[in-house]
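Asks: Sharing a structure, written as structure tokens. Questions coming.
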Amino acid sequence: PVNHTQSLRPLLYMQISYETHPMLNFNYNTDGYEGDTAEDRKSQDGSETMPFIDESPTMSPHLCARGQDGEAVSPTRPEGLLPGKGLEMKKLVLSGFLASEGIYINQLEALLLPMKPLKATATTSKPVLTMEQIDTIFFMIQDIFEIHKEFYDALSPNIQQWDEKVTVGHLFQKLASQLGVYKAFVDNYKVAVETAEKCSQANSQFQKISENLKVKGPKESKDCTTSATMEALLYKPIDRVTRSTLVLHDLLKHTPKDHPDFTLLQDALRISQNFLSSINEEIDPRRTAVTTPKGEVRQLVKDGFLVEVSEGSRKLRHVFLFTDLLLCAKMKKTAVGRHQQYECKWYIPLADLSFQTLDDSDSLPHVQTLPEHEIEEMKIKISSIKSEIQKEKKAQKAQSRNVDRLRKKMNEQESCLLLHSPTIPFRIHNKHGKSYLFLLSSDYERSEWRESIQKLQKKDLQACVLSSVELQVLTGSCFKLRTVHNIPVTSNKDDDESPGLYGFLHVIVHKATGFKESANLYCTLEVDSFGYFVSKAKTRVFRDTTEPRWNEEFEIELEGSQCLRILCYEKCYDKSKLNKDDNEIVDKIMGKGQVQLDPQTVQSKNWHMDVIEMNGIKVEFSMKFTSRDLSLKRTPSKKQSGVFGVKISVVTKRERSKVPYIVRQCIEEVEKRGIDEVGIYRISGVATDIQALKAAFDANTKDILVMLSDMDINAIAGTLKLYFRELPEPLLTDRLYPAFMEGIALSDPAAKENCMMHLLRSLPDPNLITFLTLLEHLKRVAEKEPVNKMSLHNLATVFGPTLLRPSESEISKAHITLASDIWSHDVMAQVQVLLYYLQHPPISFAELKKNTLYFSTDV
């Protein structure tokens with residue numbers, strides 16, 4: 001039996017799918033590249049009708065019929081009809097297909113209409129076309145028309161008198177058996193289009209005819225006609241074969257195996273697939289070479305939203321990668337009720353496209369960047385709006401207007417965040433023209449785009465130049481073609497979609513296999529947060545091996561995350577391969593893959609083992625998740641020995657020091673060899689290394705200094721963060737926490753200065769001296785921001801909540817329910833408090849204590 005879910009290799013090298021087929025939109029129209037007008041898409045009340053999409057795995061549509069005035073309307077469901085109910089669904093599929101057959105027949109009729117008068121003039125002294133030209137252009141159209149007219153007339157009464165016993169398989173079997181006519185049409189198709197084009201150029205009379213053929217609307221609206229070009233109509237039969245094959249898939253899916261239609265439909269599908277395969281095999285790839293001369297198939301391979309740097313500012317673009325070109329578009333602003341459309345900003349034929357890195361003479365254009373605290377503010381706003389939406393929904397009389405208003409606010413914030421967060425350059429060059437620069441949030445994404453383009457470039461591509469009409473037609477089709485419909489923001493998601501996970505994901509990267517040659521290998525881990533991906537952890541480089549065994553554990557903070565990505569790199573130590581775009585050595589991506597973070601699987605207390613396969617490489621890893629409410633708890637140490645979980649005053653007294661030894665040693669080591677490390681304090685260290693250091697500091701091991709000098713620097717940075725996180729109360733104390741929150745909110749600079757300095761003075765001495773020591777260290781780290789990419793704000797974001805977050809009793813007083821609430825609750829203020837002190841001129845312990853009343857003179 002045929003595997004009905006296997007992908008087709010359809011006509012003219014066309015990998016077909018509902019999302020990518022150029023002609024395929026969800027109402028099975030055959031209106032082609034022209035794109036429907038806004039008016040065509042509106043229902044009787046002027047509103048746009050959305051296609052009703054089946055949620056089954058193959059995404060088969062509930063097909064739309066056309067209303068009385070030719071508008072697309074969803075098929076009316078018989079009383080009590082539920083989607084997915086076998087034969088009832090089958091009727092829906094068939095009635096939709098019948099409607100599109102009617103449109104197709106009208107298009108063939110429109111194509112045939114000028115044939116008779118043209119033939120009549122061919123024998124006169126003033127022929128418009130010769131008989132040979134007419135036969136070439138209209139080759140097999142009459143035969144195809146008659147086949148489909150007969151099929152339509154036979155199918156129609158079956159649907160009108162529908163019951164469970166109705167059989168239609170024989171009709172589809174007969175239609176499939178006549179595909180030989182299409183074979184002849186396809187063989188002649190290219191010559192037909194070229195002949196029509198030459199005749200148009202040579203004869204203005206024929207040009208007028210071929211550019212304005214009238215297509216009748218459905219039978220219900222005989223007076224409704226639309227215009228189409230001959231070239232567009234000649235393409236319809238090519239599209240139709242693949243369309244019929246897709247419908248056979250849907251019909252089989254909704255036909256019980258014991259129904260008499262089942263084997264007949266299977267047979268029809270087998271014939272259709274064999275026909276499509278045979279055509280593909282016969283076509284010489286060099287001849288078609290996806291250069292897509294007019295009318296030949298151009299397939300959409302990939303699309304998505306990218307941030308383009310244009311004239312020094314960031315613009316959100318929808319980028320479409322076709323089999324032969326890359327098109328960058330923006331959404332047009334349209335009047336209310338009008339159908340949205342794209343406007344082409346530029347396109348590059350893939351034959352002319354290269355990935356250019358900067359020459360020494362070039363420099364990256366100046367790009368407007370938002371201060372990082374504004375980025376964090378957006379995240380906080382988004383989180384608090386989410387909480388408001390949840391509260392509104394729980395309210396007894398939920399005002400949907402309020403929810404809509406909040407959603408709109410959230411969408412604005414999320415879109416803005418999406419626009420301003422990406423920083424990874426992706427440069428595209430047209431060898432006959434200018435370069436273009438996109439900014440992406442993740443190396444994963446950059447490599448996906450690069451690989452997709454390079455794969456297509458392996459084919460024998462020829463450069464193509466689109467006429468303004470062709471470009472308009474292609475851009476017009478983008479709206480139907482796109483597979484990525486919305487920018488990836490929460491407000492575009494359905495309410496019942498997972499809000500993502502908040503808390504800590506523990507990941508152990510065990511090993512990787514499948515490398516053909518020895519290399520220096522490492523992995524990075526990325527998780528999504530607020531619609532874009534962020535790199536969170538990196539394994540050590542395993543040198544000169546085909547089977548790296550890292551067995552390294554990481555603790556990754558999740559902020560509404562739904563997906564974990566693993567990228568495997570080969571480390572490049574060759575300084576000559578410096579990437580001028582971002583002044584970093586280009587490490588080669590060996591493989592990449594991702595896994596959904598399913599709350600049910602991840603939230604069990606046990607480790608969950610998994611494997612990601614990537615380009616023949618397998619990476620084994622385990623993960624488990626701790627929710628935010630559990631990970632927020634500050635648990636005092638039960639033992640009085642050791643340093644973790646023990647009050648800072650106890651530790652300093654025992655050590656007879658002003659600042660705990662652990663803090664001093666970690667700071668010293670980071671400043672010695674980690675100050676130039678990209679993402680220091682942001683990139684997670686290996687959890688097992690951190691635990692080893694924790695145990696060594698707790699036991700006051702003699703060889704702690706040797707351990708520190710051998711340990712990966714991110715593990716040392718992680719140990720310092722863990723120490724502050726595990727303090728039984730925050731470094732800036734529970735008692736003063738409310739006052740810090742009030743002080744940072746003051747708007748008068750003098751009052752704020754006075755209050756913030758007074759609060760520091762109010763801290764116990766060990767807390768204050770340790771805080772000032774850390775403060776000066778973080779300032780020194782930020783001085784190296786051009787190298788380590790860690791600004792003062794970045795560091796405030798990492799350390800603010802750790803130094804200020806109240807202990808569990810304080811949190812419970814605030815009656816917080818949602819994990820996202822906990823995340824947004826006061827976090828912004830915590831970050832702002834630390835940022836205030838980081839941006840302040842040096843604060844001396846002695847000066848601070850001397851001034852019992854602190855007045856600033858420079859405010």
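Here, A, B, ... name the chains of the structure tokens in the order displayed, residue numbers run from 1 inside each chain, and ligands are numbered from 1 in the same displayed order.
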If we count only C-alpha atoms, what is near stretch 156-162 of chain A at a cut-off of 8 Å, once residues fewer than 5 positions away on the same chain are taken out, given as number ranges by chain?
Replies: A: 91, 94-95, 98, 167-168
Asks: Hey, can you spit out that residue selection with N, CA, C and O atoms as a short mmCIF file (atom, residue, chain, number, x, y, z; two decimals), in the first residue's frame?
Replies:
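Saved file out-v9.cif follows:
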```cif
data_model
loop_
_atom_site.label_atom_id
_atom_site.label_comp_id
_atom_site.auth_asym_id
_atom_site.auth_seq_id
_atom_site.Cartn_x
_atom_site.Cartn_y
_atom_site.Cartn_z
N LYS A 91 -16.65 14.81 2.32
CA LYS A 91 -17.55 15.65 1.53
C LYS A 91 -17.04 17.09 1.46
O LYS A 91 -17.11 17.76 0.43
N LEU A 94 -14.18 17.23 -0.96
CA LEU A 94 -14.68 17.12 -2.34
C LEU A 94 -15.40 18.38 -2.80
O LEU A 94 -15.19 18.84 -3.93
N SER A 95 -16.24 18.96 -1.94
CA SER A 95 -16.99 20.14 -2.37
C SER A 95 -16.05 21.32 -2.61
O SER A 95 -16.25 22.11 -3.53
N LEU A 98 -14.33 20.59 -5.91
CA LEU A 98 -15.26 20.83 -7.03
C LEU A 98 -15.32 22.33 -7.37
O LEU A 98 -15.32 22.72 -8.53
N THR A 167 -19.85 6.87 -4.24
CA THR A 167 -18.46 6.57 -4.60
C THR A 167 -17.99 7.54 -5.67
O THR A 167 -18.74 7.86 -6.61
N VAL A 168 -16.76 7.99 -5.49
CA VAL A 168 -16.18 8.93 -6.47
C VAL A 168 -14.81 8.45 -6.93
O VAL A 168 -14.20 9.04 -7.82
#
```
Asks: List every residue of stretch 377-460 of chain A that DSSP, applied to the backbone, labels as strand (DSSP E or B), and write the result as a tab-separated table (two decimals) with N, CA, C and O atoms, in the first residue's frame.
Replies:
```
chain	number	residue	atom	x	y	z
A	424	ILE	N	24.01	39.57	16.16
A	424	ILE	CA	24.96	38.77	15.37
A	424	ILE	C	24.85	39.14	13.90
A	424	ILE	O	23.79	39.02	13.29
A	425	PRO	N	25.96	39.63	13.28
A	425	PRO	CA	25.86	40.11	11.90
A	425	PRO	C	25.76	38.98	10.89
A	425	PRO	O	26.42	37.95	11.02
A	426	PHE	N	24.92	39.17	9.89
A	426	PHE	CA	24.77	38.22	8.78
A	426	PHE	C	24.78	39.07	7.51
A	426	PHE	O	23.81	39.77	7.21
A	427	ARG	N	25.90	39.04	6.81
A	427	ARG	CA	26.12	39.97	5.69
A	427	ARG	C	25.92	39.22	4.37
A	427	ARG	O	26.48	38.15	4.17
A	428	ILE	N	25.16	39.82	3.48
A	428	ILE	CA	24.88	39.22	2.17
A	428	ILE	C	25.33	40.19	1.10
A	428	ILE	O	25.06	41.39	1.20
A	429	HIS	N	25.99	39.65	0.08
A	429	HIS	CA	26.58	40.52	-0.93
A	429	HIS	C	26.08	40.13	-2.32
A	429	HIS	O	26.01	38.96	-2.65
A	430	ASN	N	25.74	41.14	-3.10
A	430	ASN	CA	25.37	40.92	-4.50
A	430	ASN	C	26.60	41.30	-5.33
A	430	ASN	O	27.06	42.43	-5.28
A	435	SER	N	26.01	45.45	-0.69
A	435	SER	CA	25.89	44.43	0.37
A	435	SER	C	24.74	44.80	1.28
A	435	SER	O	24.35	45.96	1.37
A	436	TYR	N	24.20	43.80	1.95
A	436	TYR	CA	23.10	44.02	2.88
A	436	TYR	C	23.49	43.38	4.21
A	436	TYR	O	24.15	42.34	4.24
A	437	LEU	N	23.06	44.00	5.29
A	437	LEU	CA	23.41	43.49	6.61
A	437	LEU	C	22.16	43.20	7.42
A	437	LEU	O	21.30	44.06	7.58
A	438	PHE	N	22.07	41.95	7.89
A	438	PHE	CA	21.02	41.57	8.83
A	438	PHE	C	21.66	41.36	10.20
A	438	PHE	O	22.84	41.04	10.29
A	439	LEU	N	20.86	41.54	11.24
A	439	LEU	CA	21.31	41.20	12.59
A	439	LEU	C	20.43	40.07	13.10
A	439	LEU	O	19.20	40.17	13.04
A	440	LEU	N	21.05	39.00	13.55
A	440	LEU	CA	20.31	37.84	14.06
A	440	LEU	C	20.62	37.67	15.54
A	440	LEU	O	21.63	38.14	16.04
```
Asks: Could you find all residues in stretch 121-288 of chain A that DSSP calls helix (DSSP H, G or I) from the backbone, and write them as number ranges by chain?
Replies: A: 121-122, 131-137, 141-160, 169-177, 179-202, 204-211, 219-221, 230-253, 261-282, 285-288
Asks: Distance atom CA of A:Ala782-atom CA of A:Pro841, one decimal place?
Replies: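 We find that atom CA of A:Ala782 and atom CA of A:Pro841 lie 14.2 Å from each other.
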Asks: Smallest atom-to-atom distance to A:Thr773: which of A:Glu668, A:Glu729, A:Asp826, A:Glu847, using only C-alpha atoms?
Replies: A:Glu668
Asks: Hey, can you check how far atom CA of A:Ser387 sits from atom CA of A:Ser627?
Replies: 17.3 Å
Asks: List the neighbours of A:Ser529 out to 9 Å using only C-alpha atoms; skip same-chain residues closer than 6 positions along the sequence, and give me the result as a ChimeraX atom specification.
Replies: /A:500,558-562
Asks: Please dump the current selection as a JSON list (two decimals), in the first residue's frame; keep N, CA, C and O atoms.
Replies:
```json
[["chain", "number", "residue", "atom", "x", "y", "z"],
["A", 500, "GLY", "N", 5.63, 28.53, 28.38],
["A", 500, "GLY", "CA", 7.07, 28.31, 28.54],
["A", 500, "GLY", "C", 7.43, 28.06, 30.00],
["A", 500, "GLY", "O", 6.60, 28.13, 30.90],
["A", 558, "LEU", "N", 15.86, 29.87, 32.75],
["A", 558, "LEU", "CA", 14.82, 29.94, 31.72],
["A", 558, "LEU", "C", 13.85, 31.07, 32.02],
["A", 558, "LEU", "O", 13.42, 31.23, 33.16],
["A", 559, "GLU", "N", 13.49, 31.85, 31.00],
["A", 559, "GLU", "CA", 12.53, 32.94, 31.14],
["A", 559, "GLU", "C", 11.42, 32.73, 30.12],
["A", 559, "GLU", "O", 11.40, 33.33, 29.05],
["A", 560, "GLY", "N", 10.51, 31.80, 30.42],
["A", 560, "GLY", "CA", 9.43, 31.50, 29.48],
["A", 560, "GLY", "C", 9.94, 30.71, 28.28],
["A", 560, "GLY", "O", 9.45, 30.87, 27.17],
["A", 561, "SER", "N", 10.93, 29.85, 28.49],
["A", 561, "SER", "CA", 11.56, 29.13, 27.38],
["A", 561, "SER", "C", 10.78, 27.88, 26.99],
["A", 561, "SER", "O", 10.18, 27.23, 27.84],
["A", 562, "GLN", "N", 10.82, 27.57, 25.69],
["A", 562, "GLN", "CA", 10.10, 26.39, 25.17],
["A", 562, "GLN", "C", 11.01, 25.45, 24.40],
["A", 562, "GLN", "O", 10.60, 24.38, 24.00]]
```
Asks: Determine the nearest neighbour of A:Ile380 from the options A:Gln839, A:Asn788, A:Thr797, A:Ser272, counting only C-alpha atoms.
Replies: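 Checking each candidate against A:Ile380, we get A:Thr797 as the closest.
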